[in-house]
>>> print(open('model-v1.cif').read())   # mmCIF, C-alpha atoms
data_my_file
#
loop_
_atom_site.label_atom_id
_atom_site.label_comp_id
_atom_site.auth_asym_id
_atom_site.auth_seq_id
_atom_site.Cartn_x
_atom_site.Cartn_y
_atom_site.Cartn_z
CA MET A 1 6.08 -12.90 3.89
CA PRO A 2 3.72 -12.36 0.97
CA ARG A 3 3.68 -9.02 -0.86
CA TYR A 4 0.47 -7.35 -2.04
CA LEU A 5 -0.57 -4.54 -4.34
CA VAL A 6 -3.46 -2.62 -2.78
CA GLU A 7 -5.54 -0.43 -5.08
CA ARG A 8 -7.48 2.42 -3.52
CA THR A 9 -9.80 5.15 -4.79
CA PHE A 10 -10.10 8.55 -3.12
CA PRO A 11 -13.00 10.31 -4.92
CA GLY A 12 -12.03 13.69 -3.46
CA GLY A 13 -8.33 13.08 -3.95
CA LEU A 14 -5.67 12.12 -1.44
CA ALA A 15 -4.02 15.10 0.21
CA ILE A 16 -1.08 14.46 2.52
CA PRO A 17 0.79 17.68 3.24
CA VAL A 18 4.57 17.67 3.01
CA ASP A 19 5.06 18.95 6.53
CA PRO A 20 5.05 17.60 10.11
CA ASP A 21 1.28 16.94 9.92
CA GLY A 22 1.77 14.77 6.82
CA ALA A 23 4.62 12.89 8.50
CA LYS A 24 2.43 12.32 11.56
CA ALA A 25 -0.39 10.98 9.37
CA CYS A 26 1.95 8.53 7.60
CA LEU A 27 3.47 7.35 10.89
CA GLY A 28 -0.05 6.79 12.19
CA VAL A 29 -0.74 4.47 9.26
CA VAL A 30 2.52 2.62 9.96
CA ALA A 31 1.49 2.15 13.60
CA GLY A 32 -2.01 0.97 12.66
CA ASN A 33 -0.55 -1.50 10.20
CA ALA A 34 1.83 -2.90 12.82
CA GLU A 35 -1.15 -3.95 14.93
CA HIS A 36 -1.96 -6.44 12.14
CA GLY A 37 1.58 -7.55 11.22
CA VAL A 38 1.44 -5.46 8.02
CA THR A 39 4.24 -3.31 6.57
CA TRP A 40 3.67 -0.44 4.12
CA VAL A 41 6.55 -0.61 1.61
CA HIS A 42 5.64 2.34 -0.64
CA SER A 43 2.83 3.79 -2.74
CA TYR A 44 2.25 5.24 -6.17
CA VAL A 45 -0.26 8.08 -6.51
CA SER A 46 -2.02 9.01 -9.77
CA PRO A 47 -1.49 12.58 -11.04
CA ASP A 48 -5.03 13.57 -9.97
CA ALA A 49 -4.43 11.98 -6.51
CA LYS A 50 -7.67 9.99 -6.82
CA SER A 51 -6.03 6.56 -7.11
CA THR A 52 -3.21 4.95 -5.18
CA TYR A 53 -1.35 1.71 -5.75
CA CYS A 54 0.28 0.65 -2.50
CA VAL A 55 2.80 -2.13 -1.95
CA TYR A 56 2.43 -3.96 1.37
CA ASP A 57 3.98 -6.97 3.04
CA GLY A 58 1.64 -8.91 5.27
CA PRO A 59 0.52 -12.35 6.34
CA SER A 60 -2.74 -12.37 4.34
CA PRO A 61 -5.26 -10.28 2.42
CA ASP A 62 -7.45 -10.32 5.54
CA ALA A 63 -4.63 -8.73 7.56
CA ILE A 64 -4.25 -6.05 4.86
CA ARG A 65 -8.00 -5.34 4.96
CA SER A 66 -8.01 -5.20 8.77
CA ALA A 67 -5.09 -2.75 8.76
CA ALA A 68 -6.88 -0.58 6.20
CA GLN A 69 -10.01 -0.57 8.35
CA THR A 70 -7.96 0.39 11.43
CA ASN A 71 -6.48 3.29 9.46
CA GLY A 72 -9.77 4.36 7.87
CA LEU A 73 -8.47 3.67 4.35
CA PRO A 74 -10.50 2.33 1.43
CA VAL A 75 -9.57 -0.91 -0.35
CA ASP A 76 -10.74 -1.56 -3.90
CA ARG A 77 -8.59 -4.56 -4.68
CA ILE A 78 -5.79 -6.63 -3.14
CA THR A 79 -3.55 -8.69 -5.41
CA GLU A 80 -0.69 -10.89 -4.26
CA VAL A 81 2.40 -10.01 -6.32
CA ARG A 82 6.02 -11.06 -6.81
CA VAL A 83 8.96 -9.01 -7.98
CA LEU A 84 10.02 -9.33 -11.61
CA ASP A 85 13.45 -7.79 -12.00
CA PRO A 86 14.56 -7.15 -15.59
CA TYR A 87 18.20 -7.62 -14.57
CA PHE A 88 17.58 -11.07 -13.10
CA TYR A 89 17.97 -12.66 -16.54
CA HIS A 90 21.39 -11.13 -17.30
#
>>> encode(input="model-v1.cif", output="structure tokens")
Amino acid sequence: MPRYLVERTFPGGLAIPVDPDGAKACLGVVAGNAEHGVTWVHSYVSPDAKSTYCVYDGPSPDAIRSAAQTNGLPVDRITEVRVLDPYFYH
């Protein structure tokens, strides 16, 4: 399955509390993604919480966009990526 880097901008900042409400919000995104055959692998959040860089597995960029729309998440850019492991060459 292809892997994608999804770049998002949250002008007001992304705030996910570290409590049961935050866990519920994240699990809701996982469920919304599943409707489109998309898996959220992990995300990186900028220090100001205004930008995220999310790694997803999914069948296509269209599936990633559809999942984002289902979850009410913005999408600035989707780039198909592959893993480059620095230890592969040793």
>>> residues_around(input="model-v1.cif", residues="A:Thr9", least_positions_apart="2", cutoff="8 Å", atoms="all atoms listed in the file", output="JSON, numbers by chain")
{"A": [7, 11, 50, 51, 52, 74, 75, 76]}
>>> residues_around(input="model-v1.cif", residues="A:Val6", least_positions_apart="2", cutoff="10 Å", atoms="only C-alpha atoms", output="PyMOL selection string")
chain A and resi 3-4+8+43+52-56+61+64-65+68+74-80
>>> resolve_selection(input="model-v1.cif", expression="the PyMOL selection byres ((chain A and resi 49) around 8)", output="MDAnalysis selection string")
chainID A and resid 10 13:15 45:48 50:52
>>> closest_residue(input="model-v1.cif", among="A:Gly22, A:His42, A:Gly72, A:Ala34", to="A:Gly58", atoms="only C-alpha atoms")
A:Ala34
>>> resolve_selection(input="model-v1.cif", expression="the PyMOL selection byres ((chain A and resi 26) around 12)", output="PDB file with C-alpha atoms, in the coordinates of the input")
ATOM      1  CA  ALA A  15      -4.020  15.100   0.210  1.00  0.00           C
ATOM      2  CA  ILE A  16      -1.080  14.460   2.520  1.00  0.00           C
ATOM      3  CA  PRO A  17       0.790  17.680   3.240  1.00  0.00           C
ATOM      4  CA  VAL A  18       4.570  17.670   3.010  1.00  0.00           C
ATOM      5  CA  ASP A  19       5.060  18.950   6.530  1.00  0.00           C
ATOM      6  CA  PRO A  20       5.050  17.600  10.110  1.00  0.00           C
ATOM      7  CA  ASP A  21       1.280  16.940   9.920  1.00  0.00           C
ATOM      8  CA  GLY A  22       1.770  14.770   6.820  1.00  0.00           C
ATOM      9  CA  ALA A  23       4.620  12.890   8.500  1.00  0.00           C
ATOM     10  CA  LYS A  24       2.430  12.320  11.560  1.00  0.00           C
ATOM     11  CA  ALA A  25      -0.390  10.980   9.370  1.00  0.00           C
ATOM     12  CA  LEU A  27       3.470   7.350  10.890  1.00  0.00           C
ATOM     13  CA  GLY A  28      -0.050   6.790  12.190  1.00  0.00           C
ATOM     14  CA  VAL A  29      -0.740   4.470   9.260  1.00  0.00           C
ATOM     15  CA  VAL A  30       2.520   2.620   9.960  1.00  0.00           C
ATOM     16  CA  ALA A  31       1.490   2.150  13.600  1.00  0.00           C
ATOM     17  CA  GLY A  32      -2.010   0.970  12.660  1.00  0.00           C
ATOM     18  CA  ASN A  33      -0.550  -1.500  10.200  1.00  0.00           C
ATOM     19  CA  TRP A  40       3.670  -0.440   4.120  1.00  0.00           C
ATOM     20  CA  VAL A  41       6.550  -0.610   1.610  1.00  0.00           C
ATOM     21  CA  HIS A  42       5.640   2.340  -0.640  1.00  0.00           C
ATOM     22  CA  SER A  43       2.830   3.790  -2.740  1.00  0.00           C
ATOM     23  CA  ASN A  71      -6.480   3.290   9.460  1.00  0.00           C
ATOM     24  CA  LEU A  73      -8.470   3.670   4.350  1.00  0.00           C
TER      25      LEU A  73
END
>>> atom_distance(input="model-v1.cif", atom1="atom CA of A:Arg82", atom2="atom CA of A:Ser60")
14.2 Å
>>> atom_distance(input="model-v1.cif", atom1="atom CA of A:Phe88", atom2="atom CA of A:Gly37")
29.3 Å
